[in-house]
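Here's my_file.pdb, which has PDB, C-alpha atoms, pLDDT in the B column:
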ATOM      1  CA  MET A   1       2.508   1.161  16.069  1.00 31.00           C
ATOM      2  CA  PHE A   2       1.259  -0.370  12.856  1.00 37.00           C
ATOM      3  CA  PHE A   3       4.790  -0.744  11.490  1.00 40.00           C
ATOM      4  CA  ASN A   4       5.406  -3.639  13.877  1.00 39.00           C
ATOM      5  CA  ARG A   5       2.309  -5.459  12.651  1.00 44.00           C
ATOM      6  CA  GLN A   6       2.608  -4.847   8.946  1.00 48.00           C
ATOM      7  CA  PRO A   7       1.413  -7.556   6.591  1.00 61.00           C
ATOM      8  CA  SER A   8       4.038  -9.517   4.730  1.00 75.00           C
ATOM      9  CA  LEU A   9       4.082  -9.968   0.969  1.00 88.00           C
ATOM     10  CA  THR A  10       7.048 -10.496  -1.311  1.00 93.00           C
ATOM     11  CA  LEU A  11       6.984 -11.397  -4.982  1.00 96.00           C
ATOM     12  CA  PRO A  12      10.243 -12.670  -6.466  1.00 95.00           C
ATOM     13  CA  THR A  13      11.421 -12.004 -10.012  1.00 96.00           C
ATOM     14  CA  GLN A  14      14.596 -13.188 -11.712  1.00 96.00           C
ATOM     15  CA  ARG A  15      16.677 -10.283 -10.382  1.00 97.00           C
ATOM     16  CA  CYS A  16      14.417  -8.427  -7.962  1.00 97.00           C
ATOM     17  CA  THR A  17      11.979  -8.694  -5.103  1.00 97.00           C
ATOM     18  CA  LEU A  18       8.703  -6.811  -4.934  1.00 98.00           C
ATOM     19  CA  ARG A  19       7.843  -5.940  -1.338  1.00 97.00           C
ATOM     20  CA  LEU A  20       5.974  -3.447   0.801  1.00 96.00           C
ATOM     21  CA  PRO A  21       7.731  -0.159   1.551  1.00 96.00           C
ATOM     22  CA  GLU A  22       9.248   0.190   5.014  1.00 96.00           C
ATOM     23  CA  ILE A  23      10.137   3.230   7.110  1.00 96.00           C
ATOM     24  CA  GLY A  24      13.817   2.402   6.620  1.00 96.00           C
ATOM     25  CA  ASP A  25      13.419   2.926   2.859  1.00 97.00           C
ATOM     26  CA  HIS A  26      12.951   6.682   3.258  1.00 97.00           C
ATOM     27  CA  SER A  27      16.449   7.847   2.338  1.00 97.00           C
ATOM     28  CA  ALA A  28      16.788   5.410  -0.583  1.00 97.00           C
ATOM     29  CA  TRP A  29      13.371   6.463  -1.915  1.00 97.00           C
ATOM     30  CA  VAL A  30      14.207  10.170  -1.631  1.00 96.00           C
ATOM     31  CA  GLU A  31      17.555   9.649  -3.347  1.00 96.00           C
ATOM     32  CA  GLN A  32      16.015   7.695  -6.219  1.00 96.00           C
ATOM     33  CA  ARG A  33      13.184  10.168  -6.771  1.00 96.00           C
ATOM     34  CA  GLN A  34      15.440  13.233  -6.552  1.00 95.00           C
ATOM     35  CA  LYS A  35      17.972  11.767  -8.977  1.00 95.00           C
ATOM     36  CA  SER A  36      15.169  10.988 -11.426  1.00 96.00           C
ATOM     37  CA  ILE A  37      13.200  14.245 -11.325  1.00 93.00           C
ATOM     38  CA  GLN A  38      13.897  15.183 -14.950  1.00 93.00           C
ATOM     39  CA  PHE A  39      13.183  11.630 -16.082  1.00 94.00           C
ATOM     40  CA  LEU A  40       9.853  11.290 -14.217  1.00 94.00           C
ATOM     41  CA  LYS A  41       8.248  14.717 -14.013  1.00 91.00           C
ATOM     42  CA  ASP A  42       6.671  14.703 -17.499  1.00 90.00           C
ATOM     43  CA  TRP A  43       4.840  11.440 -16.771  1.00 92.00           C
ATOM     44  CA  GLU A  44       3.517  12.022 -13.246  1.00 92.00           C
ATOM     45  CA  PRO A  45       1.143  14.296 -11.325  1.00 91.00           C
ATOM     46  CA  VAL A  46       2.732  17.387  -9.782  1.00 91.00           C
ATOM     47  CA  TRP A  47       4.789  16.391  -6.753  1.00 89.00           C
ATOM     48  CA  ALA A  48       3.611  17.696  -3.374  1.00 90.00           C
ATOM     49  CA  PRO A  49       5.904  20.319  -1.801  1.00 90.00           C
ATOM     50  CA  ASP A  50       6.512  18.070   1.223  1.00 92.00           C
ATOM     51  CA  GLN A  51       6.758  14.755  -0.611  1.00 89.00           C
ATOM     52  CA  PHE A  52      10.350  14.115   0.478  1.00 94.00           C
ATOM     53  CA  SER A  53       9.648  14.716   4.172  1.00 96.00           C
ATOM     54  CA  LYS A  54       9.862  11.900   6.696  1.00 96.00           C
ATOM     55  CA  ARG A  55       6.227  12.445   7.679  1.00 95.00           C
ATOM     56  CA  ALA A  56       5.022  12.210   4.075  1.00 94.00           C
ATOM     57  CA  PHE A  57       6.960   8.969   3.650  1.00 96.00           C
ATOM     58  CA  GLN A  58       5.524   7.562   6.887  1.00 96.00           C
ATOM     59  CA  ASN A  59       2.073   8.337   5.497  1.00 95.00           C
ATOM     60  CA  ARG A  60       3.033   6.505   2.304  1.00 94.00           C
ATOM     61  CA  VAL A  61       4.094   3.426   4.302  1.00 96.00           C
ATOM     62  CA  TYR A  62       0.915   3.608   6.396  1.00 95.00           C
ATOM     63  CA  TRP A  63      -1.220   3.839   3.236  1.00 94.00           C
ATOM     64  CA  ALA A  64       0.607   0.860   1.692  1.00 94.00           C
ATOM     65  CA  ASN A  65       0.007  -1.293   4.768  1.00 93.00           C
ATOM     66  CA  LYS A  66      -3.632  -0.261   5.008  1.00 93.00           C
ATOM     67  CA  THR A  67      -4.174  -0.873   1.298  1.00 92.00           C
ATOM     68  CA  ILE A  68      -2.747  -4.372   1.320  1.00 92.00           C
ATOM     69  CA  SER A  69      -4.434  -5.291   4.625  1.00 90.00           C
ATOM     70  CA  SER A  70      -7.824  -4.311   3.218  1.00 89.00           C
ATOM     71  CA  ASN A  71      -7.156  -6.173  -0.054  1.00 88.00           C
ATOM     72  CA  ASN A  72      -7.656  -2.987  -2.056  1.00 90.00           C
ATOM     73  CA  GLY A  73      -4.268  -3.007  -3.748  1.00 93.00           C
ATOM     74  CA  LEU A  74      -0.629  -4.060  -3.939  1.00 95.00           C
ATOM     75  CA  PRO A  75       1.679  -1.043  -3.448  1.00 96.00           C
ATOM     76  CA  LEU A  76       5.143  -2.554  -3.738  1.00 97.00           C
ATOM     77  CA  PHE A  77       8.731  -1.383  -4.045  1.00 98.00           C
ATOM     78  CA  VAL A  78      11.039  -2.986  -6.612  1.00 98.00           C
ATOM     79  CA  VAL A  79      14.338  -3.933  -4.935  1.00 98.00           C
ATOM     80  CA  ARG A  80      17.311  -5.498  -6.716  1.00 98.00           C
ATOM     81  CA  ASN A  81      18.391  -8.743  -5.072  1.00 97.00           C
ATOM     82  CA  GLU A  82      22.146  -8.455  -5.537  1.00 97.00           C
ATOM     83  CA  ASP A  83      22.585  -5.231  -3.538  1.00 97.00           C
ATOM     84  CA  GLN A  84      19.120  -4.317  -2.144  1.00 96.00           C
ATOM     85  CA  GLN A  85      19.078  -1.220  -4.363  1.00 97.00           C
ATOM     86  CA  LEU A  86      15.635   0.405  -4.556  1.00 98.00           C
ATOM     87  CA  LEU A  87      14.871   0.658  -8.274  1.00 98.00           C
ATOM     88  CA  GLY A  88      11.306   1.963  -8.321  1.00 97.00           C
ATOM     89  CA  ALA A  89       7.766   0.996  -7.415  1.00 98.00           C
ATOM     90  CA  ILE A  90       4.777  -0.794  -8.873  1.00 98.00           C
ATOM     91  CA  THR A  91       1.202  -0.582  -7.643  1.00 97.00           C
ATOM     92  CA  LEU A  92      -1.894  -2.562  -8.434  1.00 97.00           C
ATOM     93  CA  ASP A  93      -4.627  -0.283  -7.145  1.00 95.00           C
ATOM     94  CA  ASN A  94      -8.371   0.246  -7.321  1.00 93.00           C
ATOM     95  CA  ILE A  95      -9.126  -3.467  -7.096  1.00 95.00           C
ATOM     96  CA  ARG A  96     -12.777  -4.071  -7.908  1.00 94.00           C
ATOM     97  CA  ARG A  97     -14.432  -7.298  -6.869  1.00 93.00           C
ATOM     98  CA  GLY A  98     -17.751  -8.843  -7.857  1.00 93.00           C
ATOM     99  CA  PRO A  99     -18.535  -8.774 -11.565  1.00 93.00           C
ATOM    100  CA  ALA A 100     -15.453  -6.677 -12.405  1.00 91.00           C
ATOM    101  CA  GLN A 101     -12.586  -8.641 -10.766  1.00 94.00           C
ATOM    102  CA  SER A 102     -10.122  -6.041 -12.026  1.00 96.00           C
ATOM    103  CA  GLY A 103      -7.441  -3.608 -10.943  1.00 97.00           C
ATOM    104  CA  THR A 104      -5.337  -0.742 -12.255  1.00 97.00           C
ATOM    105  CA  LEU A 105      -1.567  -0.889 -12.697  1.00 98.00           C
ATOM    106  CA  GLY A 106       0.889   1.969 -12.208  1.00 97.00           C
ATOM    107  CA  TYR A 107       4.687   2.038 -11.957  1.00 97.00           C
ATOM    108  CA  TRP A 108       7.842   4.129 -12.011  1.00 97.00           C
ATOM    109  CA  ILE A 109      11.537   3.331 -12.159  1.00 97.00           C
ATOM    110  CA  GLY A 110      14.620   5.404 -11.452  1.00 97.00           C
ATOM    111  CA  ALA A 111      16.365   6.947 -14.447  1.00 96.00           C
ATOM    112  CA  ASP A 112      19.541   4.913 -13.904  1.00 96.00           C
ATOM    113  CA  PHE A 113      17.626   1.621 -14.163  1.00 97.00           C
ATOM    114  CA  ALA A 114      15.212   2.295 -17.025  1.00 95.00           C
ATOM    115  CA  ARG A 115      15.184   0.058 -20.097  1.00 94.00           C
ATOM    116  CA  MET A 116      17.127  -2.706 -18.350  1.00 96.00           C
ATOM    117  CA  GLY A 117      14.199  -5.137 -18.026  1.00 96.00           C
ATOM    118  CA  TYR A 118      13.591  -4.650 -14.301  1.00 97.00           C
ATOM    119  CA  MET A 119      10.098  -3.193 -14.675  1.00 97.00           C
ATOM    120  CA  SER A 120       9.183  -5.867 -17.193  1.00 97.00           C
ATOM    121  CA  GLU A 121      10.028  -8.479 -14.545  1.00 97.00           C
ATOM    122  CA  ALA A 122       7.977  -6.574 -11.958  1.00 98.00           C
ATOM    123  CA  ILE A 123       4.934  -6.279 -14.210  1.00 98.00           C
ATOM    124  CA  ASN A 124       5.041  -9.966 -15.116  1.00 97.00           C
ATOM    125  CA  ALA A 125       5.267 -10.924 -11.436  1.00 97.00           C
ATOM    126  CA  ILE A 126       2.371  -8.732 -10.322  1.00 97.00           C
ATOM    127  CA  VAL A 127       0.192  -9.837 -13.249  1.00 97.00           C
ATOM    128  CA  ALA A 128       0.844 -13.518 -12.487  1.00 96.00           C
ATOM    129  CA  TYR A 129       0.084 -12.973  -8.793  1.00 96.00           C
ATOM    130  CA  SER A 130      -3.074 -11.001  -9.598  1.00 96.00           C
ATOM    131  CA  PHE A 131      -4.459 -13.717 -11.847  1.00 96.00           C
ATOM    132  CA  SER A 132      -3.420 -16.762  -9.806  1.00 94.00           C
ATOM    133  CA  LYS A 133      -3.707 -15.556  -6.201  1.00 94.00           C
ATOM    134  CA  LEU A 134      -6.116 -12.609  -6.289  1.00 94.00           C
ATOM    135  CA  ASP A 135      -8.433 -14.204  -8.863  1.00 94.00           C
ATOM    136  CA  LEU A 136      -8.543 -11.050 -10.953  1.00 96.00           C
ATOM    137  CA  SER A 137      -9.714 -11.291 -14.536  1.00 95.00           C
ATOM    138  CA  ARG A 138      -8.493  -7.959 -15.894  1.00 96.00           C
ATOM    139  CA  ILE A 139      -5.618  -5.573 -15.206  1.00 97.00           C
ATOM    140  CA  GLU A 140      -5.790  -2.114 -16.720  1.00 97.00           C
ATOM    141  CA  ALA A 141      -3.067   0.466 -17.353  1.00 98.00           C
ATOM    142  CA  ALA A 142      -2.971   3.903 -18.911  1.00 97.00           C
ATOM    143  CA  THR A 143      -0.114   5.976 -20.282  1.00 97.00           C
ATOM    144  CA  LEU A 144       0.421   9.154 -22.245  1.00 96.00           C
ATOM    145  CA  PRO A 145       0.269   8.589 -26.020  1.00 96.00           C
ATOM    146  CA  GLU A 146       3.788   9.949 -26.531  1.00 95.00           C
ATOM    147  CA  ASN A 147       5.318   7.747 -23.820  1.00 95.00           C
ATOM    148  CA  LYS A 148       6.555   5.134 -26.281  1.00 95.00           C
ATOM    149  CA  PRO A 149       8.828   3.324 -23.785  1.00 95.00           C
ATOM    150  CA  SER A 150       5.888   2.759 -21.429  1.00 96.00           C
ATOM    151  CA  ARG A 151       3.609   1.676 -24.253  1.00 97.00           C
ATOM    152  CA  GLY A 152       6.243  -0.741 -25.500  1.00 96.00           C
ATOM    153  CA  LEU A 153       6.738  -2.111 -21.990  1.00 97.00           C
ATOM    154  CA  LEU A 154       3.023  -2.767 -21.572  1.00 97.00           C
ATOM    155  CA  GLU A 155       2.733  -4.447 -24.965  1.00 96.00           C
ATOM    156  CA  LYS A 156       5.804  -6.600 -24.260  1.00 95.00           C
ATOM    157  CA  SER A 157       4.146  -7.598 -20.967  1.00 96.00           C
ATOM    158  CA  GLY A 158       0.977  -8.874 -22.642  1.00 95.00           C
ATOM    159  CA  PHE A 159      -1.178  -5.749 -22.405  1.00 97.00           C
ATOM    160  CA  LYS A 160      -3.220  -4.842 -25.436  1.00 96.00           C
ATOM    161  CA  TYR A 161      -4.301  -1.418 -26.620  1.00 96.00           C
ATOM    162  CA  GLU A 162      -7.992  -0.747 -26.004  1.00 96.00           C
ATOM    163  CA  GLY A 163      -8.575   2.903 -26.775  1.00 97.00           C
ATOM    164  CA  VAL A 164      -8.254   6.499 -25.634  1.00 97.00           C
ATOM    165  CA  ALA A 165      -9.561   8.285 -22.532  1.00 96.00           C
ATOM    166  CA  GLN A 166      -9.890  12.048 -22.871  1.00 96.00           C
ATOM    167  CA  SER A 167      -8.642  14.171 -19.949  1.00 95.00           C
ATOM    168  CA  TYR A 168      -7.959  10.981 -17.996  1.00 93.00           C
ATOM    169  CA  LEU A 169      -5.463  12.231 -15.383  1.00 91.00           C
ATOM    170  CA  GLN A 170      -3.727  15.421 -14.351  1.00 93.00           C
ATOM    171  CA  ILE A 171      -0.090  15.010 -15.355  1.00 92.00           C
ATOM    172  CA  ALA A 172       2.519  17.729 -14.780  1.00 89.00           C
ATOM    173  CA  GLY A 173      -0.286  20.060 -13.727  1.00 89.00           C
ATOM    174  CA  ARG A 174      -2.765  19.689 -16.583  1.00 93.00           C
ATOM    175  CA  TRP A 175      -5.452  17.267 -17.700  1.00 96.00           C
ATOM    176  CA  ARG A 176      -4.012  14.808 -20.212  1.00 95.00           C
ATOM    177  CA  THR A 177      -5.540  12.298 -22.573  1.00 95.00           C
ATOM    178  CA  HIS A 178      -4.221   8.746 -22.091  1.00 97.00           C
ATOM    179  CA  VAL A 179      -4.147   5.561 -24.118  1.00 97.00           C
ATOM    180  CA  LEU A 180      -5.654   2.574 -22.361  1.00 97.00           C
ATOM    181  CA  TYR A 181      -4.297  -0.960 -22.170  1.00 98.00           C
ATOM    182  CA  ALA A 182      -5.507  -4.158 -20.515  1.00 97.00           C
ATOM    183  CA  ASN A 183      -4.182  -7.624 -19.772  1.00 97.00           C
ATOM    184  CA  LEU A 184      -6.858 -10.317 -19.501  1.00 96.00           C
ATOM    185  CA  ARG A 185      -6.483 -13.624 -17.682  1.00 92.00           C
ATOM    186  CA  ASN A 186      -8.325 -15.441 -20.459  1.00 85.00           C
ATOM    187  CA  ASP A 187      -7.395 -13.376 -23.493  1.00 76.00           C
ATOM    188  CA  ARG A 188      -8.617 -14.571 -26.872  1.00 66.00           C
ATOM    189  CA  ARG A 189      -7.983 -11.311 -28.692  1.00 65.00           C
ATOM    190  CA  GLY A 190      -4.664 -12.289 -30.264  1.00 60.00           C
ATOM    191  CA  LYS A 191      -1.863  -9.812 -30.833  1.00 55.00           C
ATOM    192  CA  THR A 192      -2.626  -6.118 -30.720  1.00 48.00           C
ATOM    193  CA  THR A 193      -2.484  -4.262 -34.022  1.00 46.00           C
ATOM    194  CA  ALA A 194      -2.316  -0.836 -32.417  1.00 46.00           C
ATOM    195  CA  GLY A 195       1.446  -0.797 -31.847  1.00 45.00           C
ATOM    196  CA  ILE A 196       3.150   2.189 -30.306  1.00 44.00           C
ATOM    197  CA  ASN A 197       2.861   4.423 -33.351  1.00 46.00           C
ATOM    198  CA  ASN A 198      -0.706   5.566 -32.561  1.00 43.00           C
TER     199      ASN A 198
END

If you took the structure in this file and wrote it as structure tokens, what would it be?
Amino acid sequence: MFFNRQPSLTLPTQRCTLRLPEIGDHSAWVEQRQKSIQFLKDWEPVWAPDQFSKRAFQNRVYWANKTISSNNGLPLFVVRNEDQQLLGAITLDNIRRGPAQSGTLGYWIGADFARMGYMSEAINAIVAYSFSKLDLSRIEAATLPENKPSRGLLEKSGFKYEGVAQSYLQIAGRWRTHVLYANLRNDRRGKTTAGINN
């Protein structure tokens, strides 16, 4: 089976390790997502009815391995070093080569671990890896305008506000407008003036 031949990638941060999901992570992932339903549901697409099933998680692991093997993305779990606690996940997806040399960032963290700096570490690690090892020039991210913690996190991590995309993604079952951010490898734009009040 592919699980025995999975590619290996780990990115260290000060307190965590970013790594590929494994079949053995199923129960920890289910526990973290279930405990954080109220915290996450307003910011994510509608969850599939079978998303907590073993089969759905196996498909998730298969997709992660296929994605990283084909160099199309980095779908990684965020695991705390001190106790191997699964905190959340971060994904660099939709990698475009050629003239674009860019990718799209997404992330989530469990409610119990939010606003403790873990995701900031994860974002900084994946951005550094993307620029230095993947030779990307641009990393994009989008969030809901009212999600001030996420906007603040992106701005703290070097992302700058670029504009608004109407009906960008379906979130919680309806099309939602998002604000767009980007982090550039060679950024000469200076500090953003948009802030999180827009």

The PyMOL selection byres ((chain A and resi 136-153) around 6) - which residues does that actually catch in the file I just gave you? List them as a short mmCIF file (atom, residue, chain, number, x, y, z; two decimals) with C-alpha atoms, keeping the file's coordinate frame.
data_model
loop_
_atom_site.label_atom_id
_atom_site.label_comp_id
_atom_site.auth_asym_id
_atom_site.auth_seq_id
_atom_site.Cartn_x
_atom_site.Cartn_y
_atom_site.Cartn_z
CA GLN A 101 -12.59 -8.64 -10.77
CA SER A 102 -10.12 -6.04 -12.03
CA GLY A 103 -7.44 -3.61 -10.94
CA THR A 104 -5.34 -0.74 -12.26
CA LEU A 105 -1.57 -0.89 -12.70
CA SER A 130 -3.07 -11.00 -9.60
CA PHE A 131 -4.46 -13.72 -11.85
CA LEU A 134 -6.12 -12.61 -6.29
CA ASP A 135 -8.43 -14.20 -8.86
CA LEU A 154 3.02 -2.77 -21.57
CA GLU A 155 2.73 -4.45 -24.96
CA LYS A 156 5.80 -6.60 -24.26
CA HIS A 178 -4.22 8.75 -22.09
CA VAL A 179 -4.15 5.56 -24.12
CA LEU A 180 -5.65 2.57 -22.36
CA TYR A 181 -4.30 -0.96 -22.17
CA ALA A 182 -5.51 -4.16 -20.52
CA ASN A 183 -4.18 -7.62 -19.77
CA LEU A 184 -6.86 -10.32 -19.50
CA ARG A 185 -6.48 -13.62 -17.68
#

Rank A:Ala28, A:Cys16, A:Leu9, A:Ser53 by their smallest atom-to-atom distance to Asn71 in chain A, using only C-alpha atoms, and report the top residue only. A:Leu9

Evaluate the PyMOL selection byres ((chain A and resi 19) around 6) against this structure - the residues, as a list in words, please.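 This file gives the following for the PyMOL selection byres ((chain A and resi 19) around 6): Leu9, Thr10, Leu18, Leu20, Leu76 and Phe77 of chain A.
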
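Between Gly73 in chain A and the residues A:Asn59, A:Gln51, A:Gln38, A:Asn94, the shortest atom-to-atom distance, using all atoms listed in the file, involves A:Asn94.
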
At a cut-off of 12 Å, using all atoms listed in the file, what residues contact Phe57 in chain A? Leave out same-chain residues fewer than 2 positions from it and give the result as a ChimeraX atom specification. /A:21-30,48,50-55,59-64

Suppose you want the space between CA of Pro75 in chain A and CA of Thr91 in chain A; what is it in Å? 4.2 Å

What would the selection look like, as a list of chain:residue names, if the PyMOL selection byres ((chain A and resi 78) around 6) were run on the coordinates I just shared? A:Thr17, A:Leu18, A:Phe77, A:Val79, A:Leu87, A:Gly88, A:Ala89

Save the residues we just selected, C-alpha atoms, as a CSV table (one decimal), in the frame of the given file?
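For reference, result.csv as written:
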chain,number,residue,atom,x,y,z
A,17,THR,CA,12.0,-8.7,-5.1
A,18,LEU,CA,8.7,-6.8,-4.9
A,77,PHE,CA,8.7,-1.4,-4.0
A,79,VAL,CA,14.3,-3.9,-4.9
A,87,LEU,CA,14.9,0.7,-8.3
A,88,GLY,CA,11.3,2.0,-8.3
A,89,ALA,CA,7.8,1.0,-7.4

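Closest approach to Leu92 in chain A among A:Phe113, A:Trp43, A:Tyr107, A:Tyr161: A:Tyr107, based on all atoms listed in the file.
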
May I ask which of the residues A:Ser36, A:Asp187, A:Gln14, A:Val164 is the closest one to Trp108 in chain A, counting all atoms listed in the file?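 Using all atoms listed in the file, Trp108 in chain A sits closest to A:Ser36.
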
Quick one: distance from CA of Ile126 in chain A to CA of Ile90 in chain A in Å, one decimal?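 Result for CA of Ile126 in chain A versus CA of Ile90 in chain A: 8.4 Å, one decimal.
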
Could you tell me how far CA of Gly98 in chain A lies from CA of Asn124 in chain A, in Å and to one decimal?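 Between CA of Gly98 in chain A and CA of Asn124 in chain A the gap is 23.9 Å.
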
Let me have the centre and edge lengths of the axis-aligned box enclosing all listed atoms of range 26-38 of chain A with 6 Å padding on every side, in Å to one decimal, as lines of an AutoDock Vina configuration file.
center_x = 15.5
center_y = 10.3
center_z = -5.8
size_x = 17.0
size_y = 21.8
size_z = 30.2

As a list in words, please: the residues near range 170-177 of chain A (cut-off 6 Å, all atoms listed in the file, same-chain neighbours under 5 positions excluded).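 My list of contacting residues is Asp42, Glu44, Pro45, Val46 and Ala165 of chain A.
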